[in-house]
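The file final_30.txt contains compact mmCIF, C-alpha atoms:
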```txt
# COMPACT_ATOMS: atom_id res chain seq x y z
CA MET D 1 -47.57 13.08 -37.00
CA VAL D 2 -48.38 9.62 -35.65
CA TYR D 3 -47.77 6.81 -38.11
CA GLU D 4 -51.38 5.70 -38.54
CA LYS D 5 -52.55 9.24 -39.35
CA ARG D 6 -49.63 9.78 -41.73
CA ARG D 7 -50.43 6.55 -43.49
CA ALA D 8 -54.09 7.46 -43.92
CA GLU D 9 -53.17 10.84 -45.38
CA LEU D 10 -50.74 9.31 -47.88
CA TYR D 11 -52.59 6.21 -49.06
CA GLY D 12 -56.23 7.18 -48.46
CA PRO D 13 -56.39 9.49 -51.51
CA LEU D 14 -54.59 6.91 -53.65
CA ARG D 15 -57.16 4.26 -52.75
CA GLU D 16 -59.99 6.68 -53.59
CA GLU D 17 -58.42 7.38 -57.00
CA GLY D 18 -58.59 3.65 -57.72
CA ILE D 19 -55.08 3.41 -59.22
CA PHE D 20 -53.23 1.96 -56.22
CA THR D 21 -55.65 0.06 -53.99
CA TRP D 22 -53.44 -2.69 -52.56
CA ASP D 23 -51.56 -0.80 -49.84
CA TRP D 24 -52.94 -3.61 -47.65
CA MET D 25 -52.74 -7.17 -48.97
CA TYR D 26 -54.18 -10.32 -47.45
CA GLY D 27 -55.04 -8.38 -44.29
CA GLU D 28 -51.43 -7.20 -43.82
CA GLU D 29 -49.82 -3.82 -44.32
CA TYR D 30 -47.90 -3.72 -47.60
CA ALA D 31 -47.13 -0.08 -48.46
CA LEU D 32 -45.33 1.88 -45.76
CA ALA D 33 -45.83 5.53 -44.87
CA ASP D 34 -42.08 5.91 -44.57
CA ILE D 35 -39.37 6.87 -47.05
CA HIS D 36 -35.89 5.50 -47.68
CA GLN D 37 -33.23 7.67 -49.25
CA ILE D 38 -30.81 6.87 -52.04
CA THR D 39 -27.94 9.12 -53.08
CA THR D 40 -27.52 10.42 -56.62
CA GLN D 41 -24.28 8.47 -56.96
CA GLU D 42 -25.90 5.22 -55.81
CA HIS D 43 -28.81 5.81 -58.16
CA GLU D 44 -26.55 6.49 -61.15
CA GLU D 45 -24.51 3.35 -60.49
CA LEU D 46 -27.71 1.28 -60.19
CA ALA D 47 -28.91 2.64 -63.54
CA LYS D 48 -25.56 1.83 -65.13
CA ALA D 49 -25.67 -1.72 -63.75
CA THR D 50 -29.20 -2.15 -65.08
CA GLU D 51 -28.40 -1.09 -68.63
CA CYS D 52 -25.10 -2.96 -68.83
CA LEU D 53 -26.69 -6.17 -67.55
CA GLY D 54 -29.61 -5.64 -69.90
CA ARG D 55 -27.23 -5.79 -72.84
CA VAL D 56 -25.58 -8.97 -71.51
CA PHE D 57 -28.94 -10.68 -71.03
CA ALA D 58 -30.21 -9.50 -74.43
CA ARG D 59 -27.27 -10.93 -76.36
CA THR D 60 -27.27 -14.19 -74.43
CA ALA D 61 -31.04 -14.69 -74.68
CA SER D 62 -31.08 -13.96 -78.41
CA VAL D 63 -28.53 -16.73 -79.03
CA VAL D 64 -30.35 -19.17 -76.73
CA CYS D 65 -33.63 -18.52 -78.56
CA ARG D 66 -31.96 -19.71 -81.74
CA GLY D 67 -30.31 -22.62 -79.96
CA SER D 68 -30.96 -26.34 -79.97
CA SER D 69 -33.84 -28.09 -78.27
CA LYS D 70 -31.28 -29.65 -75.95
CA LEU D 71 -30.10 -26.22 -74.79
CA LEU D 72 -33.65 -24.96 -74.24
CA ALA D 73 -34.46 -28.10 -72.24
CA GLU D 74 -31.33 -27.71 -70.12
CA LEU D 75 -32.39 -24.16 -69.29
CA GLY D 76 -35.80 -25.39 -68.16
CA ILE D 77 -37.86 -23.99 -71.06
CA PRO D 78 -40.96 -26.22 -71.42
CA LYS D 79 -41.17 -28.10 -74.70
CA GLU D 80 -44.52 -26.45 -75.44
CA ALA D 81 -42.75 -23.06 -75.58
CA TRP D 82 -39.76 -23.97 -77.76
CA GLN D 83 -41.22 -22.86 -81.07
CA ALA D 84 -42.68 -19.73 -79.56
CA VAL D 85 -39.36 -18.54 -78.15
CA ARG D 86 -37.71 -19.27 -81.50
CA GLY D 87 -40.44 -17.56 -83.48
CA PHE D 88 -39.62 -13.99 -82.53
CA VAL D 89 -36.44 -12.73 -80.95
CA TRP D 90 -35.75 -9.22 -79.66
CA ASP D 91 -32.04 -8.99 -80.41
CA ASP D 92 -31.38 -5.60 -78.81
CA VAL D 93 -33.43 -5.91 -75.61
CA PRO D 94 -34.21 -9.00 -73.47
CA THR D 95 -37.73 -7.78 -72.67
CA VAL D 96 -40.08 -4.80 -73.01
CA ILE D 97 -40.77 -4.40 -69.28
CA GLY D 98 -38.39 -6.13 -66.89
CA ARG D 99 -37.04 -5.63 -63.37
CA PHE D 100 -33.63 -6.55 -62.07
CA ASP D 101 -33.41 -7.20 -58.32
CA PHE D 102 -30.24 -6.03 -56.60
CA ALA D 103 -28.50 -6.31 -53.26
CA GLN D 104 -26.47 -3.31 -52.16
CA THR D 105 -23.34 -4.91 -50.74
CA PRO D 106 -19.94 -3.70 -49.46
CA LYS D 107 -18.63 -4.75 -52.90
CA GLY D 108 -21.22 -2.67 -54.75
CA TRP D 109 -24.48 -3.54 -56.49
CA LYS D 110 -24.98 -7.28 -57.03
CA MET D 111 -27.79 -8.53 -59.24
CA LEU D 112 -29.83 -11.38 -57.81
CA GLU D 113 -32.25 -12.06 -60.65
CA LEU D 114 -34.09 -10.63 -63.65
CA ASN D 115 -37.89 -10.61 -63.62
CA SER D 116 -38.33 -10.25 -67.37
CA ASP D 117 -41.57 -12.12 -68.02
CA THR D 118 -44.20 -10.74 -65.62
CA PRO D 119 -42.66 -8.16 -63.25
CA THR D 120 -44.79 -6.30 -60.73
CA GLY D 121 -44.05 -3.33 -58.44
CA ILE D 122 -44.76 -1.16 -61.49
CA VAL D 123 -47.51 1.05 -60.07
CA GLU D 124 -45.49 1.52 -56.88
CA ALA D 125 -42.39 2.63 -58.77
CA PHE D 126 -43.87 4.70 -61.57
CA TYR D 127 -46.88 6.26 -59.82
CA VAL D 128 -46.99 5.87 -56.03
CA ASN D 129 -43.40 6.94 -55.48
CA GLU D 130 -44.12 10.37 -56.99
CA GLN D 131 -47.06 10.89 -54.62
CA ALA D 132 -44.98 9.73 -51.64
CA CYS D 133 -42.09 12.05 -52.52
CA LYS D 134 -44.48 15.00 -52.72
CA PHE D 135 -45.93 14.00 -49.36
CA PHE D 136 -42.52 13.79 -47.68
CA GLY D 137 -41.01 16.76 -49.54
CA MET D 138 -38.35 14.65 -51.25
CA ARG D 139 -37.01 14.48 -54.81
CA ASN D 140 -38.36 11.53 -56.77
CA PRO D 141 -35.69 9.38 -58.47
CA ASN D 142 -38.43 8.11 -60.82
CA LYS D 143 -39.77 11.51 -61.89
CA GLY D 144 -41.14 11.60 -65.43
CA MET D 145 -40.44 7.94 -66.09
CA GLU D 146 -44.04 7.01 -66.90
CA ARG D 147 -43.19 8.13 -70.42
CA ASP D 148 -40.72 5.22 -70.60
CA LEU D 149 -43.69 2.86 -70.36
CA THR D 150 -45.59 4.71 -73.09
CA GLU D 151 -42.63 4.66 -75.47
CA ALA D 152 -41.89 1.00 -74.74
CA PHE D 153 -45.40 -0.19 -75.58
CA GLN D 154 -45.61 1.93 -78.70
CA ASN D 155 -42.19 0.73 -79.86
CA ALA D 156 -43.18 -2.88 -79.26
CA VAL D 157 -46.36 -2.55 -81.33
CA ALA D 158 -44.46 -0.71 -84.08
CA ASN D 159 -41.82 -3.46 -84.15
CA TYR D 160 -44.48 -6.12 -84.52
CA GLN D 161 -46.08 -4.11 -87.35
CA LYS D 162 -42.73 -3.92 -89.18
CA LEU D 163 -42.52 -7.70 -89.01
CA GLY D 164 -45.90 -8.07 -90.66
CA TYR D 165 -48.05 -8.77 -87.60
CA SER D 166 -51.59 -7.49 -87.48
CA THR D 167 -52.01 -5.05 -84.57
CA ASP D 168 -55.62 -3.93 -84.97
CA SER D 169 -57.03 -5.62 -81.88
CA ILE D 170 -55.01 -5.18 -78.67
CA ALA D 171 -55.88 -6.58 -75.25
CA PHE D 172 -54.33 -6.32 -71.79
CA SER D 173 -55.05 -9.35 -69.64
CA ALA D 174 -54.66 -10.50 -66.03
CA LEU D 175 -56.62 -12.23 -63.29
CA ASP D 176 -59.56 -9.88 -62.74
CA TRP D 177 -60.04 -11.02 -59.13
CA HIS D 178 -56.41 -10.36 -58.19
CA GLU D 179 -56.31 -6.73 -57.08
CA GLU D 180 -52.61 -6.16 -57.68
CA ASP D 181 -52.41 -7.97 -61.04
CA ALA D 182 -55.59 -6.40 -62.42
CA GLY D 183 -54.64 -2.95 -61.11
CA THR D 184 -51.13 -3.17 -62.55
CA THR D 185 -52.43 -4.30 -65.94
CA LYS D 186 -55.05 -1.55 -66.14
CA TYR D 187 -52.43 1.02 -65.16
CA LEU D 188 -50.14 -0.19 -67.95
CA LEU D 189 -53.02 -0.10 -70.41
CA LYS D 190 -53.56 3.57 -69.57
CA GLN D 191 -49.86 4.41 -69.71
CA SER D 192 -49.36 2.61 -73.03
CA GLY D 193 -51.26 5.29 -74.95
CA ILE D 194 -52.56 2.48 -77.15
CA GLU D 195 -56.18 1.86 -78.06
CA ALA D 196 -56.78 -1.39 -76.22
CA SER D 197 -59.16 -3.12 -73.80
CA PHE D 198 -58.79 -5.04 -70.55
CA VAL D 199 -59.80 -8.70 -70.82
CA ALA D 200 -59.88 -10.96 -67.79
CA LEU D 201 -57.86 -14.14 -68.19
CA LYS D 202 -61.03 -16.16 -67.65
CA ASP D 203 -62.55 -14.51 -70.75
CA LEU D 204 -59.75 -15.56 -73.12
CA ARG D 205 -60.64 -18.37 -75.52
CA VAL D 206 -59.00 -20.29 -78.33
CA TYR D 207 -61.49 -20.18 -81.21
CA ASN D 208 -60.92 -20.92 -84.90
CA ASP D 209 -57.18 -21.16 -84.26
CA ARG D 210 -57.02 -17.65 -82.82
CA LEU D 211 -56.81 -16.27 -79.31
CA CYS D 212 -60.05 -14.43 -78.71
CA ALA D 213 -61.84 -12.37 -76.09
CA LEU D 214 -65.24 -13.71 -75.14
CA THR D 215 -67.58 -10.69 -75.22
CA ALA D 216 -70.63 -10.11 -73.04
CA ASP D 217 -72.95 -11.16 -75.87
CA GLY D 218 -71.09 -14.43 -76.41
CA GLN D 219 -69.05 -13.38 -79.44
CA HIS D 220 -65.39 -14.28 -79.95
CA ARG D 221 -63.30 -11.20 -80.75
CA PRO D 222 -59.86 -12.13 -82.18
CA ILE D 223 -56.84 -10.60 -80.46
CA ASP D 224 -53.80 -9.52 -82.45
CA VAL D 225 -51.58 -8.21 -79.63
CA LEU D 226 -51.76 -9.37 -76.01
CA TYR D 227 -50.11 -7.86 -72.97
CA ARG D 228 -50.31 -10.61 -70.37
CA LEU D 229 -49.51 -10.50 -66.69
CA HIS D 230 -49.47 -14.27 -66.75
CA ALA D 231 -46.31 -16.37 -66.66
CA LEU D 232 -45.47 -18.38 -69.76
CA GLU D 233 -44.40 -21.41 -67.73
CA LYS D 234 -47.92 -21.50 -66.26
CA LEU D 235 -49.48 -21.03 -69.69
CA ALA D 236 -47.49 -23.98 -71.04
CA GLU D 237 -49.16 -26.31 -68.54
CA GLU D 238 -52.74 -25.06 -68.73
CA THR D 239 -55.62 -27.16 -69.98
CA ASP D 240 -59.34 -26.52 -70.25
CA VAL D 241 -62.01 -28.38 -68.28
CA ASP D 242 -61.97 -31.23 -70.81
CA GLY D 243 -58.20 -31.64 -70.56
CA TYR D 244 -57.46 -29.95 -73.91
CA PRO D 245 -53.97 -28.32 -73.80
CA THR D 246 -55.19 -24.77 -74.34
CA GLY D 247 -51.95 -23.21 -73.18
CA ALA D 248 -49.86 -25.23 -75.61
CA HIS D 249 -52.24 -24.23 -78.40
CA VAL D 250 -51.82 -20.53 -77.53
CA LEU D 251 -48.03 -20.96 -77.59
CA ASP D 252 -48.37 -22.62 -81.01
CA ILE D 253 -50.46 -19.66 -82.22
CA ILE D 254 -47.66 -17.36 -81.00
CA ALA D 255 -45.06 -19.50 -82.77
CA ARG D 256 -47.00 -19.25 -86.05
CA ARG D 257 -47.11 -15.44 -85.67
CA LYS D 258 -50.89 -15.26 -85.38
CA LEU D 259 -50.55 -13.55 -82.00
CA ALA D 260 -48.05 -10.95 -80.80
CA VAL D 261 -47.36 -10.90 -77.07
CA ILE D 262 -45.86 -8.40 -74.63
CA ASN D 263 -43.59 -9.32 -73.01
CA PRO D 264 -42.29 -11.34 -75.98
CA PRO D 265 -41.47 -15.05 -75.65
CA SER D 266 -37.75 -14.24 -75.60
CA ALA D 267 -38.38 -12.59 -72.20
CA PHE D 268 -39.25 -16.05 -70.92
CA VAL D 269 -35.72 -17.20 -71.76
CA ALA D 270 -34.25 -14.23 -69.89
CA GLN D 271 -36.53 -15.05 -66.92
CA THR D 272 -35.08 -18.46 -66.13
CA LYS D 273 -32.36 -18.25 -63.49
CA ALA D 274 -30.67 -21.04 -65.41
CA LEU D 275 -29.62 -18.33 -67.87
CA GLN D 276 -27.55 -16.77 -65.07
CA GLY D 277 -25.82 -20.11 -64.67
CA LEU D 278 -25.09 -20.18 -68.41
CA ILE D 279 -23.80 -16.61 -68.40
CA TRP D 280 -21.47 -17.31 -65.48
CA ASN D 281 -20.27 -20.56 -67.07
CA LEU D 282 -19.39 -18.75 -70.31
CA TYR D 283 -17.73 -15.96 -68.33
CA GLU D 284 -15.52 -18.38 -66.40
CA ALA D 285 -14.66 -20.24 -69.60
CA GLY D 286 -13.63 -16.97 -71.27
CA GLU D 287 -16.08 -17.60 -74.12
CA PHE D 288 -18.68 -15.59 -76.05
CA PHE D 289 -18.58 -12.28 -74.17
CA THR D 290 -16.64 -9.15 -75.10
CA GLU D 291 -14.19 -7.63 -72.64
CA LYS D 292 -16.73 -4.95 -71.73
CA GLU D 293 -19.43 -7.57 -71.12
CA ARG D 294 -17.01 -9.56 -68.99
CA GLU D 295 -16.39 -6.47 -66.86
CA THR D 296 -20.16 -6.09 -66.39
CA ILE D 297 -20.55 -9.74 -65.35
CA ALA D 298 -17.63 -9.60 -62.92
CA ARG D 299 -18.82 -6.35 -61.39
CA TYR D 300 -22.55 -6.90 -61.02
CA MET D 301 -23.26 -10.65 -61.15
CA LEU D 302 -22.79 -13.40 -58.57
CA PRO D 303 -21.20 -16.79 -59.27
CA THR D 304 -24.09 -19.06 -60.26
CA TYR D 305 -23.92 -22.78 -61.01
CA PHE D 306 -26.10 -25.78 -61.85
CA GLU D 307 -24.47 -27.79 -59.07
CA ASN D 308 -23.40 -26.91 -55.52
CA ARG D 309 -19.84 -25.59 -55.55
CA PHE D 310 -20.23 -23.58 -52.34
CA ALA D 311 -20.92 -26.10 -49.54
CA GLY D 312 -18.21 -25.88 -46.91
CA LYS D 313 -16.57 -22.92 -48.67
CA GLU D 314 -18.89 -19.91 -48.49
CA PRO D 315 -22.59 -19.02 -47.86
CA TYR D 316 -24.94 -19.59 -50.78
CA ALA D 317 -28.53 -19.51 -51.98
CA VAL D 318 -30.47 -22.30 -53.68
CA LYS D 319 -33.16 -20.99 -56.02
CA PRO D 320 -35.76 -22.58 -58.34
CA ILE D 321 -35.22 -21.50 -61.94
CA PHE D 322 -38.73 -20.06 -62.33
CA GLY D 323 -39.43 -19.14 -58.72
CA ARG D 324 -41.03 -15.77 -58.00
CA GLU D 325 -41.42 -13.54 -54.94
CA GLY D 326 -38.81 -15.49 -52.99
CA GLY D 327 -40.67 -18.77 -53.52
CA GLY D 328 -38.68 -22.00 -53.09
CA ILE D 329 -35.47 -20.27 -51.97
CA THR D 330 -33.20 -21.59 -49.21
CA LEU D 331 -30.20 -19.71 -47.80
CA TYR D 332 -27.24 -21.63 -46.33
CA ASP D 333 -24.21 -20.60 -44.27
CA VAL D 334 -20.67 -21.74 -44.95
CA HIS D 335 -21.24 -24.88 -42.84
CA ASN D 336 -24.25 -25.90 -44.97
CA ARG D 337 -26.71 -24.96 -42.24
CA ILE D 338 -29.99 -23.30 -43.20
CA ILE D 339 -30.06 -19.55 -42.52
CA GLU D 340 -33.58 -19.04 -43.87
CA LYS D 341 -36.01 -21.08 -45.94
CA ASP D 342 -39.10 -19.97 -47.82
CA ALA D 343 -42.23 -21.26 -46.10
CA GLU D 344 -44.50 -21.34 -49.17
CA GLU D 345 -45.41 -24.60 -50.89
CA PHE D 346 -44.67 -23.57 -54.47
CA TYR D 347 -41.66 -24.03 -56.78
CA TRP D 348 -39.93 -26.81 -54.81
CA ASP D 349 -40.33 -29.27 -57.69
CA GLN D 350 -38.33 -27.13 -60.12
CA PRO D 351 -34.65 -27.51 -61.08
CA MET D 352 -32.46 -25.38 -58.83
CA ILE D 353 -29.45 -23.12 -59.32
CA TYR D 354 -26.78 -22.40 -56.70
CA GLN D 355 -25.67 -18.80 -56.23
CA ARG D 356 -23.15 -17.12 -53.96
CA LEU D 357 -25.08 -15.47 -51.13
CA ALA D 358 -25.26 -11.69 -51.22
CA GLU D 359 -26.75 -10.61 -47.91
CA LEU D 360 -29.29 -7.82 -48.09
CA PRO D 361 -28.39 -4.81 -45.93
CA PRO D 362 -30.40 -4.26 -42.72
CA ILE D 363 -32.89 -1.40 -42.54
CA MET D 364 -35.24 0.03 -39.91
CA VAL D 365 -38.69 1.23 -41.02
CA GLU D 366 -41.89 2.36 -39.35
CA THR D 367 -44.97 0.16 -39.73
CA MET D 368 -48.44 -0.16 -38.21
CA LYS D 369 -46.94 -2.72 -35.83
CA GLY D 370 -44.12 -0.40 -34.77
CA THR D 371 -40.47 -0.24 -35.80
CA TYR D 372 -39.45 -3.16 -38.01
CA LYS D 373 -35.89 -4.30 -38.65
CA GLY D 374 -35.72 -5.97 -42.02
CA SER D 375 -33.56 -6.46 -45.09
CA LEU D 376 -33.56 -4.09 -48.08
CA LEU D 377 -33.95 -5.27 -51.69
CA TRP D 378 -33.76 -2.88 -54.63
CA GLY D 379 -35.65 -3.38 -57.87
CA SER D 380 -34.49 -1.51 -60.97
CA PHE D 381 -36.71 -1.53 -64.04
CA LEU D 382 -35.30 -2.22 -67.48
CA ILE D 383 -37.78 -0.69 -69.92
CA ASP D 384 -37.13 -1.35 -73.60
CA GLY D 385 -33.43 -1.76 -72.87
CA ARG D 386 -33.05 1.38 -70.77
CA ALA D 387 -32.74 1.86 -67.02
CA SER D 388 -35.90 3.37 -65.61
CA ALA D 389 -37.73 3.55 -62.27
CA ILE D 390 -36.51 1.93 -59.05
CA VAL D 391 -38.47 0.33 -56.21
CA ALA D 392 -37.48 -0.75 -52.70
CA ARG D 393 -38.83 -3.70 -50.70
CA VAL D 394 -38.21 -4.54 -47.05
CA GLY D 395 -38.66 -8.03 -45.63
CA GLY D 396 -36.74 -10.99 -44.33
CA LYS D 397 -33.43 -12.28 -45.65
CA ILE D 398 -35.61 -13.75 -48.41
CA THR D 399 -37.86 -11.07 -49.94
CA GLY D 400 -41.29 -12.70 -50.09
CA ASN D 401 -44.66 -11.78 -51.53
CA LEU D 402 -45.74 -9.89 -48.40
CA SER D 403 -42.52 -7.93 -47.92
CA TYR D 404 -43.15 -4.23 -47.43
CA TYR D 405 -42.97 -1.62 -50.17
CA VAL D 406 -41.16 1.50 -49.00
CA PRO D 407 -41.07 4.69 -51.11
CA THR D 408 -37.70 6.09 -52.15
CA GLY D 409 -36.42 9.65 -52.10
CA LEU D 410 -33.33 11.03 -53.84
CA ILE D 411 -30.67 12.95 -51.91
```

Turn the structure described in the file into structure tokens.
Amino acid sequence: MVYEKRRAELYGPLREEGIFTWDWMYGEEYALADIHQITTQEHEELAKATECLGRVFARTASVVCRGSSKLLAELGIPKEAWQAVRGFVWDDVPTVIGRFDFAQTPKGWKMLELNSDTPTGIVEAFYVNEQACKFFGMRNPNKGMERDLTEAFQNAVANYQKLGYSTDSIAFSALDWHEEDAGTTKYLLKQSGIEASFVALKDLRVYNDRLCALTADGQHRPIDVLYRLHALEKLAEETDVDGYPTGAHVLDIIARRKLAVINPPSAFVAQTKALQGLIWNLYEAGEFFTEKERETIARYMLPTYFENRFAGKEPYAVKPIFGREGGGITLYDVHNRIIEKDAEEFYWDQPMIYQRLAELPPIMVETMKGTYKGSLLWGSFLIDGRASAIVARVGGKITGNLSYYVPTGLI
């Protein structure tokens, strides 16, 4: 079957369903009508890495959330968010819905970062991959894992209830004009099994010291629980048209426990790549971590520092602490020459961390433009502290926003 026809047969029905409609993005092919295979052993080791690292991040983040203002500032947490991250801490899990990104290297799985605040790739992993595996006649490594999402949301709401939060009015919010963000958020709303409504970000208001949804008839409906596909570092900076610091006010409402949010504010602490620098610093100092946690760090993490200790010694990556989708990253060789540099304009003004370079393995895939030789990045979802679905992306040495999504089959 020629590629174009195969692609139409796979993704055409999904577009018509209205669940996954962004197989093309910004006029470029995004989802491939190809499949990459992972072995059962590789999959099991990836799941183990995900859960073990989840425990390391959870324990570290819970201590940081209770830490000094100086520590929070050093990790890049905006001042506006300090009280919010202190106000509610998930001790046993770093986030409700997170995604670790991994490189598969000759030395095993190496974790590059944790997307714990606003991860995407969710619909692709939990829904599309099942349809693709049926299409290609492959076993789905993510089979049945949609229930992980349902349980995670219901556990999160139940945990908030136990802490005395009101949970009567629940909203899921994202940019309504952004096809991927809105589609992902509506998918999660459906999978949550919770009685809730979708509210566009533009329809959120602060009114009478509550976060509210502006209804069609001009009323302000208070929100008790908010799932937000909107980064907290962006929220911290947001103002209304008159310059009023609306975002800071929302974070204050969260801090005073008048609004529950998913992912929780503690996920924001786990999101900063500066936390990886702290974890590695504590590991090298022989402090804080148990022997088992130290084994996890040594096995799955990369040396990460707040200053450049690699120049002239080994290849390395320079990354902004809150960069996303490869934004603001530069890769260097051992001679300090640039291997690859992100071309986007965002994130360059942030503090940077320096990390040993783990090269992504090469991969050949079919695309609408013909055979493409790229680099393979694995995402592994951490859902409520447990390893869940996986997702593969193919792009350059830096995995950017327009890198391809390729379905995964289990062998």

Excluding segment 271-275 of chain D and residues on its chain fewer than 2 positions from it, collect all residues at most 7 Å away from it, counting only C-alpha atoms, and give them as a PDB file with C-alpha atoms, keeping the file's coordinate frame.
```pdb
ATOM      1  CA  LEU D  75     -32.390 -24.160 -69.290  1.00  0.00           C
ATOM      2  CA  GLU D 113     -32.250 -12.060 -60.650  1.00  0.00           C
ATOM      3  CA  LEU D 114     -34.090 -10.630 -63.650  1.00  0.00           C
ATOM      4  CA  ASN D 115     -37.890 -10.610 -63.620  1.00  0.00           C
ATOM      5  CA  SER D 116     -38.330 -10.250 -67.370  1.00  0.00           C
ATOM      6  CA  ASP D 117     -41.570 -12.120 -68.020  1.00  0.00           C
ATOM      7  CA  ALA D 267     -38.380 -12.590 -72.200  1.00  0.00           C
ATOM      8  CA  PHE D 268     -39.250 -16.050 -70.920  1.00  0.00           C
ATOM      9  CA  VAL D 269     -35.720 -17.200 -71.760  1.00  0.00           C
ATOM     10  CA  GLY D 277     -25.820 -20.110 -64.670  1.00  0.00           C
ATOM     11  CA  LEU D 278     -25.090 -20.180 -68.410  1.00  0.00           C
ATOM     12  CA  ILE D 279     -23.800 -16.610 -68.400  1.00  0.00           C
ATOM     13  CA  ILE D 321     -35.220 -21.500 -61.940  1.00  0.00           C
ATOM     14  CA  PHE D 322     -38.730 -20.060 -62.330  1.00  0.00           C
ATOM     15  CA  ILE D 353     -29.450 -23.120 -59.320  1.00  0.00           C
TER      16      ILE D 353
END
```

Top pick for closest residue to Ala33 of chain D, considering D:Ala317, D:Cys65, D:Val365, D:Ala125 and counting only C-alpha atoms: D:Val365

Spatial neighbours of segment 80-96 of chain D, max dist 8 Å, all atoms listed in the file, sep filter under 4 positions, as number ranges by chain: D: 54-55, 57-59, 61-62, 65-66, 69, 72, 116-117, 152-153, 156, 232, 236, 248, 251-252, 254-257, 262-270, 382-385

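For the set D:Asn336, D:Thr39, D:Ser380, D:Thr105, the residue with the smallest atom-to-atom gap to Met138 of chain D is D:Thr39, counting all atoms listed in the file.
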
Env of segment 293-307 of chain D: 6 Å cut, atoms = all atoms listed in the file, seq-sep filter 2 positions within chain, self excluded. Answer as a VMD selection string. chain D and resid 109 to 111 277 289 to 291 353 to 356

Please determine, counting only C-alpha atoms, which residue among D:Glu74, D:Glu284, D:Glu51, D:Asp242 has the shortest atom-to-atom distance to Gly98 of chain D. D:Glu51

Working from the structure I just supplied, which lacks atoms in segment 288-292 of chain D, can you model all heavy atoms there and output them as a PDB file, in the coordinates of the input?
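As a result, selection-v7.pdb now contains:
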```pdb
ATOM      1  N   PHE D 288     -17.492 -16.301 -75.575  1.00  0.00           N
ATOM      2  CA  PHE D 288     -18.680 -15.590 -76.050  1.00  0.00           C
ATOM      3  C   PHE D 288     -18.682 -14.091 -75.768  1.00  0.00           C
ATOM      4  O   PHE D 288     -18.928 -13.289 -76.660  1.00  0.00           O
ATOM      5  CB  PHE D 288     -19.948 -16.245 -75.478  1.00  0.00           C
ATOM      6  CG  PHE D 288     -21.234 -15.626 -75.967  1.00  0.00           C
ATOM      7  CD1 PHE D 288     -21.602 -15.754 -77.299  1.00  0.00           C
ATOM      8  CD2 PHE D 288     -22.062 -14.922 -75.114  1.00  0.00           C
ATOM      9  CE1 PHE D 288     -22.776 -15.177 -77.765  1.00  0.00           C
ATOM     10  CE2 PHE D 288     -23.240 -14.349 -75.567  1.00  0.00           C
ATOM     11  CZ  PHE D 288     -23.596 -14.484 -76.893  1.00  0.00           C
ATOM     12  N   PHE D 289     -18.399 -13.673 -74.548  1.00  0.00           N
ATOM     13  CA  PHE D 289     -18.580 -12.280 -74.170  1.00  0.00           C
ATOM     14  C   PHE D 289     -17.386 -11.402 -74.543  1.00  0.00           C
ATOM     15  O   PHE D 289     -16.234 -11.854 -74.534  1.00  0.00           O
ATOM     16  CB  PHE D 289     -18.843 -12.164 -72.662  1.00  0.00           C
ATOM     17  CG  PHE D 289     -20.122 -12.811 -72.230  1.00  0.00           C
ATOM     18  CD1 PHE D 289     -20.107 -13.952 -71.441  1.00  0.00           C
ATOM     19  CD2 PHE D 289     -21.348 -12.292 -72.631  1.00  0.00           C
ATOM     20  CE1 PHE D 289     -21.284 -14.553 -71.046  1.00  0.00           C
ATOM     21  CE2 PHE D 289     -22.526 -12.900 -72.247  1.00  0.00           C
ATOM     22  CZ  PHE D 289     -22.505 -14.034 -71.454  1.00  0.00           C
ATOM     23  N   THR D 290     -17.688 -10.139 -74.851  1.00  0.00           N
ATOM     24  CA  THR D 290     -16.640  -9.150 -75.100  1.00  0.00           C
ATOM     25  C   THR D 290     -15.984  -8.762 -73.777  1.00  0.00           C
ATOM     26  O   THR D 290     -16.499  -9.080 -72.697  1.00  0.00           O
ATOM     27  CB  THR D 290     -17.225  -7.893 -75.745  1.00  0.00           C
ATOM     28  OG1 THR D 290     -18.105  -7.252 -74.805  1.00  0.00           O
ATOM     29  CG2 THR D 290     -18.003  -8.218 -77.017  1.00  0.00           C
ATOM     30  N   GLU D 291     -14.877  -8.059 -73.851  1.00  0.00           N
ATOM     31  CA  GLU D 291     -14.190  -7.630 -72.640  1.00  0.00           C
ATOM     32  C   GLU D 291     -15.090  -6.725 -71.799  1.00  0.00           C
ATOM     33  O   GLU D 291     -15.112  -6.824 -70.567  1.00  0.00           O
ATOM     34  CB  GLU D 291     -12.883  -6.914 -72.992  1.00  0.00           C
ATOM     35  CG  GLU D 291     -11.973  -6.687 -71.794  1.00  0.00           C
ATOM     36  CD  GLU D 291     -11.612  -7.977 -71.061  1.00  0.00           C
ATOM     37  OE1 GLU D 291     -11.386  -9.008 -71.727  1.00  0.00           O
ATOM     38  OE2 GLU D 291     -11.577  -7.962 -69.816  1.00  0.00           O
ATOM     39  N   LYS D 292     -15.833  -5.844 -72.447  1.00  0.00           N
ATOM     40  CA  LYS D 292     -16.730  -4.950 -71.730  1.00  0.00           C
ATOM     41  C   LYS D 292     -17.840  -5.732 -71.036  1.00  0.00           C
ATOM     42  O   LYS D 292     -18.213  -5.444 -69.887  1.00  0.00           O
ATOM     43  CB  LYS D 292     -17.328  -3.914 -72.682  1.00  0.00           C
ATOM     44  CG  LYS D 292     -18.088  -2.793 -71.996  1.00  0.00           C
ATOM     45  CD  LYS D 292     -18.484  -1.714 -72.978  1.00  0.00           C
ATOM     46  CE  LYS D 292     -19.196  -0.569 -72.259  1.00  0.00           C
ATOM     47  NZ  LYS D 292     -19.593   0.513 -73.193  1.00  0.00           N
TER      48      LYS D 292
END
```
